[in-house]
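First up is the structure itself, then whatever we jot down about it.
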Amino acid sequence: MSFKSNDSQQITLNDALFGLTDREKRMLEKSWAKPFAEKIFPKIDESLFACLYSDKASRPNTPVNVCAGALIIKELLNLTDDEMVESLAFDVRFQYALHTTSFEEQPLSDKTLSRFRKRCYTYELATGIDLIYETITGLSGEMAKIMKINGQIQRMDSLMVASNIKRLSRMELLYTCVSDLVVYLHKNNEDDKLEGLEHYYNPDDYNKVIYRQRKEDYDQRLQTILSDADSLIKKCNGGYDDVPEYQLLVRAFSEQVVREDDALRLKTKEDGSMNSSMLQNPSDPEATYREKAGKQYRGYVANVTESVGEGKSIITDYQFDANTHSDSDFLKEHLESVERIPGRNTLVTDGAYSSEANRQLADDKNIDLVTTDLLGRDARDICAEFQFSEDGTRILLCPAGNQPKSSSIVKSTGKVRASFPKNKCENCPYKDQCRPKTSNKTSAVYISKGSHERAKAQRFTGTWQFKFLSKVRNGVETIPSTLRRKYNIDTMPVRGRIRMKHLFGFKIGALNFCKLLKYLGSLEKCALNPEIA
């Protein structure tokens with residue numbers, strides 16, 4: 001299948017719009033379809049996806065902008081693939097939004113969207129390039145221009161995204177891994193390795209082993225499963241390394257089981273190696289475990305960056321990773337990916353994003369990093385008065401304006417030692433606050449650059465600018481709630497980090513389009529009401 005762009009949509013005599021009455025046309029003009037057709041669809045960059053198709057002459061692809069636009073509309077209206085295909089075939093709003101009113105036959109079939117997603121998945125798996133991310137963030141930038149949001153103030157927040165998997169006990173996990181491999185071997189006519197394990201490919205066996213047994217038999221059932229897993233791994237050793245079912249059984253067994261004097265038992269915390277990256281469910285091997293605010297999460301974590309204007313906002317960037325990924329890591333990766341900007345911008349986050357390294361990285365990109373909730377121990381206020389060199393390894397001036405005789409960093413502690421003449425410190429009004437260590441001829445202070453920056457941040461919390469930015473930061477808290485309540489991010493019908501990230505991206509696109517609709521609606525109200533205008 002070769003790539004062909006869909007950059008021109010000519011109106012024909014059979015265009016569906018010609019059959020509408022004036023009343024129907026007015027209704028169409030007022031629907032969501034018109035802004036999508038005029039503001040979103042033309043901005044979808046088809047050239048990004050040319051790499052998914054052959055460069056040889058062959059049957060042309062389904063228009064990429066139709067596929068990408070349909071996937072955004074699908075999330076906007078909470079439709080299934082089949083519902084989206086049927087809606088495009090029979091609803092003129094969908095055809096109008098996707099510029100297909102003149103098509104003799106609508107371009108989407110029952111497999112079009114799934115094949116398009118699979119191409120994007122395979123391409124990212126091979127290259128690491130996320131074409132969906134580039135498309136959605138590109139559209140976000142276009143919407144920001146329409147809404148006149150310049151990005152000088154941004155806010156950031158993370159949210160847990162649950163994988164659509166069942167929570168398994170450790171015995172269920174091992175049983176499922178054994179059963180999956182047994183079923184694979186049975187389907188491939190390799191029953192010679194399954195002597196005594198035939199019951200695992202019986203559909204009723206799971207309930208019989210896991211639920212229809214007395215509690216007193218738990219230890220015996222567990223030992224049987226452990227022994228079956230061990231024997232199956234030995235029988236398959238060396239011949240099935242490329243089979244996912246075998247790999248998952250080996251992984252689960254190594255993570256969960258300890259061998260002691262030819263006896264098998266489950267690992268405990270005392271054995272170590274019990275970490276968040278352990279397999280949670282073979283249906284989604286990439287899902288990880290995390291506890292946050294007293295709740296347990298199995299899946300992933302997303303991070304969103306929102307640009308803010310007066311009474312409006314748009315999500316301009318997003319990230320998606322294992323839920324063991326920290327907020328601080330997300331911020332570092334975001335800052336490393338953005339270009340240095342000419343003007344000074346502000347990024348507002350909560351305390352979980354704060355670190356001296358991130359603050360320095362933000363400053364290098366001409367961004368003021370403001371954290372509204374400082375974590376950890378407070379620094380002494382006097383630390384803010386010291387002047388440090390740019391690299392943070394020397395103190396240049398003390399609060400009284402005195403230059404130290406010598407200054408150097410103590411590598412073992414990371415603090416900077418500054419030595420002053422003893423008489424300077426003895427008569428200094430800041431002596432009780434600095435608390436220098438005095439010797440025969442000198443007085444020395446030990447202060448880190450981190451304490452200096454934290455003390456300055458503590459002072460900033462009392463200003464009106466900080467209070468204003470705190471209110472700005474609070475607005476981003478609505479995004480996790482909206483994505484859960486309206487866009488069902490915790491029950492996505494796909495599994496795996498890349499597939500879930502792609503679907504999450506389309507949901508971000510739909511959410512941004514809702515923000516654009518709200519903004520355009522406010523403009524219409526202003527135009528209709530002279531007092532507002």
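Chain labels follow the order of the structure tokens: the first chain is A, the next B, and so on; residue numbering restarts at 1 in every chain, and ligands are counted from 1 in their shown order.
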Practice problem: Name the residues in contact with Glu385 (chain A) at a cut-off of 6 Å, using only C-alpha atoms, excluding same-chain residues fewer than 2 positions from it; report them as a list in words. | Solution: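 Skipping anything fewer than 2 positions along the chain leaves Ile382, Cys383 and Pro399 of chain A.
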For the residues in the current selection, export C-alpha atoms as a short mmCIF file (atom, residue, chain, number, x, y, z; two decimals), in the first residue's frame.
```cif
data_model
loop_
_atom_site.label_atom_id
_atom_site.label_comp_id
_atom_site.auth_asym_id
_atom_site.auth_seq_id
_atom_site.Cartn_x
_atom_site.Cartn_y
_atom_site.Cartn_z
CA ILE A 382 19.69 33.60 56.18
CA CYS A 383 20.91 31.16 53.50
CA PRO A 399 24.88 38.65 54.09
#
```
Using 10 Å as the limit and counting only C-alpha atoms, can you tabulate each residue of region 6-41 of chain A that touches region 65-73 of chain A, with its shortest atom-to-atom distance in Å and the two atoms involved, as JSON lines?
```
{"residue": "A:Asn6", "atom": "CA", "partner": "A:Asn65", "partner_atom": "CA", "distance": 7.2}
{"residue": "A:Asp7", "atom": "CA", "partner": "A:Asn65", "partner_atom": "CA", "distance": 8.9}
{"residue": "A:Trp32", "atom": "CA", "partner": "A:Ile73", "partner_atom": "CA", "distance": 9.9}
{"residue": "A:Ala33", "atom": "CA", "partner": "A:Ile73", "partner_atom": "CA", "distance": 9.5}
{"residue": "A:Phe36", "atom": "CA", "partner": "A:Gly69", "partner_atom": "CA", "distance": 8.7}
{"residue": "A:Ala37", "atom": "CA", "partner": "A:Gly69", "partner_atom": "CA", "distance": 9.4}
{"residue": "A:Ile40", "atom": "CA", "partner": "A:Gly69", "partner_atom": "CA", "distance": 8.0}
{"residue": "A:Phe41", "atom": "CA", "partner": "A:Gly69", "partner_atom": "CA", "distance": 6.4}
```
Quiz item: as a ChimeraX atom specification, which residues of region 21-236 of chain A does DSSP assign to helix (DSSP H, G or I)?
Solution: /A:22-30,33-43,46-52,64-76,81-90,92-97,112-127,131-146,170-187,191-193,198-201,205-210,215-236
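Comparing the minimum interatomic distances between Phe466 (chain A) and each of A:Leu347, A:Ala263, A:Val178, A:Ala252, counting only C-alpha atoms, we find that A:Leu347 sits nearest.
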Exercise. Name the residues in contact with Gln220 (chain A) at a cut-off of 12 Å, using only C-alpha atoms, excluding same-chain residues fewer than 5 positions from it; report them as a list in words.
Key: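 Once the nearby chain positions are removed, what remains is Met171, Val209, Ile210, Gln213, Arg214, Lys215, Ile225, Leu226, Ser227, Leu264 and Arg265 of chain A.
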Store the residues picked out above, limited to all heavy atoms, as an mmCIF file, in the first residue's frame.
```
data_model
loop_
_atom_site.group_PDB
_atom_site.id
_atom_site.type_symbol
_atom_site.label_atom_id
_atom_site.label_comp_id
_atom_site.auth_asym_id
_atom_site.auth_seq_id
_atom_site.Cartn_x
_atom_site.Cartn_y
_atom_site.Cartn_z
ATOM 1 N N MET A 171 -0.657 -16.827 43.679
ATOM 2 C CA MET A 171 -0.968 -18.166 43.190
ATOM 3 C C MET A 171 -1.691 -18.086 41.841
ATOM 4 O O MET A 171 -1.395 -18.848 40.908
ATOM 5 C CB MET A 171 -1.824 -18.931 44.192
ATOM 6 C CG MET A 171 -2.108 -20.364 43.765
ATOM 7 S SD MET A 171 -2.814 -21.400 45.072
ATOM 8 C CE MET A 171 -4.483 -20.740 45.112
ATOM 9 N N VAL A 209 -9.370 -24.974 40.597
ATOM 10 C CA VAL A 209 -8.129 -24.917 41.378
ATOM 11 C C VAL A 209 -8.104 -23.696 42.310
ATOM 12 O O VAL A 209 -7.686 -23.797 43.464
ATOM 13 C CB VAL A 209 -6.911 -24.883 40.434
ATOM 14 C CG1 VAL A 209 -5.623 -24.634 41.213
ATOM 15 C CG2 VAL A 209 -6.818 -26.191 39.666
ATOM 16 N N ILE A 210 -8.561 -22.548 41.821
ATOM 17 C CA ILE A 210 -8.421 -21.304 42.581
ATOM 18 C C ILE A 210 -9.555 -21.101 43.578
ATOM 19 O O ILE A 210 -9.322 -20.681 44.720
ATOM 20 C CB ILE A 210 -8.340 -20.108 41.613
ATOM 21 C CG1 ILE A 210 -7.161 -20.277 40.648
ATOM 22 C CG2 ILE A 210 -8.198 -18.798 42.395
ATOM 23 C CD1 ILE A 210 -5.814 -20.370 41.308
ATOM 24 N N GLN A 213 -11.904 -24.892 46.257
ATOM 25 C CA GLN A 213 -11.094 -25.704 47.162
ATOM 26 C C GLN A 213 -11.196 -25.128 48.566
ATOM 27 O O GLN A 213 -11.475 -23.939 48.750
ATOM 28 C CB GLN A 213 -9.617 -25.718 46.712
ATOM 29 C CG GLN A 213 -9.373 -26.284 45.324
ATOM 30 C CD GLN A 213 -9.407 -27.794 45.292
ATOM 31 O OE1 GLN A 213 -9.458 -28.446 46.341
ATOM 32 N NE2 GLN A 213 -9.393 -28.369 44.097
ATOM 33 N N ARG A 214 -10.969 -25.953 49.540
ATOM 34 C CA ARG A 214 -10.984 -25.475 50.920
ATOM 35 C C ARG A 214 -9.722 -24.683 51.233
ATOM 36 O O ARG A 214 -8.665 -24.931 50.661
ATOM 37 C CB ARG A 214 -11.097 -26.668 51.869
ATOM 38 C CG ARG A 214 -12.400 -27.420 51.773
ATOM 39 C CD ARG A 214 -12.426 -28.582 52.743
ATOM 40 N NE ARG A 214 -11.351 -29.533 52.445
ATOM 41 C CZ ARG A 214 -11.115 -30.614 53.189
ATOM 42 N NH1 ARG A 214 -11.850 -30.863 54.255
ATOM 43 N NH2 ARG A 214 -10.135 -31.434 52.852
ATOM 44 N N LYS A 215 -9.855 -23.720 52.149
ATOM 45 C CA LYS A 215 -8.707 -22.913 52.531
ATOM 46 C C LYS A 215 -7.585 -23.772 53.094
ATOM 47 O O LYS A 215 -6.413 -23.449 52.953
ATOM 48 C CB LYS A 215 -9.123 -21.862 53.565
ATOM 49 C CG LYS A 215 -10.045 -20.787 53.016
ATOM 50 C CD LYS A 215 -10.360 -19.750 54.087
ATOM 51 C CE LYS A 215 -11.260 -18.661 53.533
ATOM 52 N NZ LYS A 215 -11.596 -17.634 54.570
ATOM 53 N N ILE A 225 1.251 -26.169 41.970
ATOM 54 C CA ILE A 225 1.453 -25.196 40.893
ATOM 55 C C ILE A 225 2.940 -24.879 40.742
ATOM 56 O O ILE A 225 3.457 -24.791 39.624
ATOM 57 C CB ILE A 225 0.643 -23.914 41.161
ATOM 58 C CG1 ILE A 225 -0.848 -24.221 41.102
ATOM 59 C CG2 ILE A 225 1.005 -22.816 40.172
ATOM 60 C CD1 ILE A 225 -1.738 -23.073 41.554
ATOM 61 N N LEU A 226 3.646 -24.702 41.868
ATOM 62 C CA LEU A 226 5.081 -24.419 41.815
ATOM 63 C C LEU A 226 5.840 -25.565 41.163
ATOM 64 O O LEU A 226 6.737 -25.349 40.333
ATOM 65 C CB LEU A 226 5.621 -24.154 43.219
ATOM 66 C CG LEU A 226 5.094 -22.912 43.956
ATOM 67 C CD1 LEU A 226 5.765 -22.784 45.314
ATOM 68 C CD2 LEU A 226 5.327 -21.656 43.139
ATOM 69 N N SER A 227 5.484 -26.797 41.512
ATOM 70 C CA SER A 227 6.155 -27.966 40.933
ATOM 71 C C SER A 227 5.859 -28.087 39.442
ATOM 72 O O SER A 227 6.747 -28.392 38.639
ATOM 73 C CB SER A 227 5.708 -29.241 41.656
ATOM 74 O OG SER A 227 6.064 -29.192 43.030
ATOM 75 N N LEU A 264 10.508 -25.738 46.930
ATOM 76 C CA LEU A 264 10.099 -24.464 46.343
ATOM 77 C C LEU A 264 9.140 -23.745 47.269
ATOM 78 O O LEU A 264 8.263 -24.362 47.879
ATOM 79 C CB LEU A 264 9.410 -24.699 44.986
ATOM 80 C CG LEU A 264 10.244 -25.399 43.908
ATOM 81 C CD1 LEU A 264 9.372 -25.743 42.707
ATOM 82 C CD2 LEU A 264 11.407 -24.513 43.480
ATOM 83 N N ARG A 265 9.293 -22.424 47.367
ATOM 84 C CA ARG A 265 8.373 -21.598 48.163
ATOM 85 C C ARG A 265 8.311 -20.204 47.552
ATOM 86 O O ARG A 265 9.165 -19.807 46.762
ATOM 87 C CB ARG A 265 8.825 -21.514 49.613
ATOM 88 C CG ARG A 265 10.152 -20.792 49.820
ATOM 89 C CD ARG A 265 10.427 -20.543 51.286
ATOM 90 N NE ARG A 265 11.744 -19.917 51.504
ATOM 91 C CZ ARG A 265 11.972 -18.612 51.409
ATOM 92 N NH1 ARG A 265 10.974 -17.781 51.078
ATOM 93 N NH2 ARG A 265 13.178 -18.112 51.622
#
```
Practice problem: Can you work out the spacing between CA of Val161 (chain A) and CA of Tyr300 (chain A) in Å, to one decimal? | Solution: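 Spanning CA of Val161 (chain A) to CA of Tyr300 (chain A) is a straight-line distance of 5.1 Å.
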Exercise. Tell me which of A:Ala322, A:Thr224, A:Asn78, A:Met278 sits closest to Arg485 (chain A), counting only C-alpha atoms.
Key: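 Among the listed residues, A:Asn78 lies closest to Arg485 (chain A).
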Quiz item: Closest to Val410 (chain A) among A:Arg298, A:Lys449, A:Lys292, A:Lys471, using only C-alpha atoms?
Solution: A:Lys449
Quiz item: Residues at most 8 Å from region 135-139 of chain A, counting only C-alpha atoms, excluding those fewer than 6 positions away in the same chain, as a list in words?
Solution: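 Listing them by chain and then by number gives Ile40, Lys43, Ile44, Asp45, Leu48, Thr316, Asp317, Gly505, Phe506, Ile508 and Gly509 of chain A.
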Would you save the residues of that selection, restricted to C-alpha atoms, as a compact mmCIF listing (two decimals), in the first residue's frame?
```txt
# COMPACT_ATOMS: atom_id res chain seq x y z
CA ILE A 40 -8.57 20.73 13.18
CA LYS A 43 -3.93 20.99 10.40
CA ILE A 44 -3.38 17.22 10.57
CA ASP A 45 0.08 16.67 9.08
CA LEU A 48 4.43 12.42 9.27
CA THR A 316 0.42 21.38 24.93
CA ASP A 317 2.46 18.35 25.98
CA GLY A 505 -2.97 10.81 23.03
CA PHE A 506 -6.24 10.72 21.08
CA ILE A 508 -5.89 14.44 24.92
CA GLY A 509 -6.73 15.59 21.39
```
Quiz prompt | Lys166 (chain A) surroundings by only C-alpha atoms, 9 Å radius, close-in-sequence under 5 positions cut, as JSON, numbers by chain | solution = {"A": [280, 281, 283]}
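Counting only C-alpha atoms, the residue from A:Gly496, A:Pro436, A:Gly392, A:Pro282 that sits nearest to Val250 (chain A) is A:Pro282.
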Practice problem: Would you mind writing down, as a VMD selection string, each residue of region 129-196 of chain A that DSSP on the backbone assigns to strand (DSSP E or B)? | Solution: chain A and resid 153 to 162
Exercise. Pick out the closest residue to Leu469 (chain A) from this set: A:Asn488, A:Asn14, A:Thr371, A:Asn61. Count only C-alpha atoms.
Key: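 Using only C-alpha atoms, the shortest distance to Leu469 (chain A) belongs to A:Thr371.
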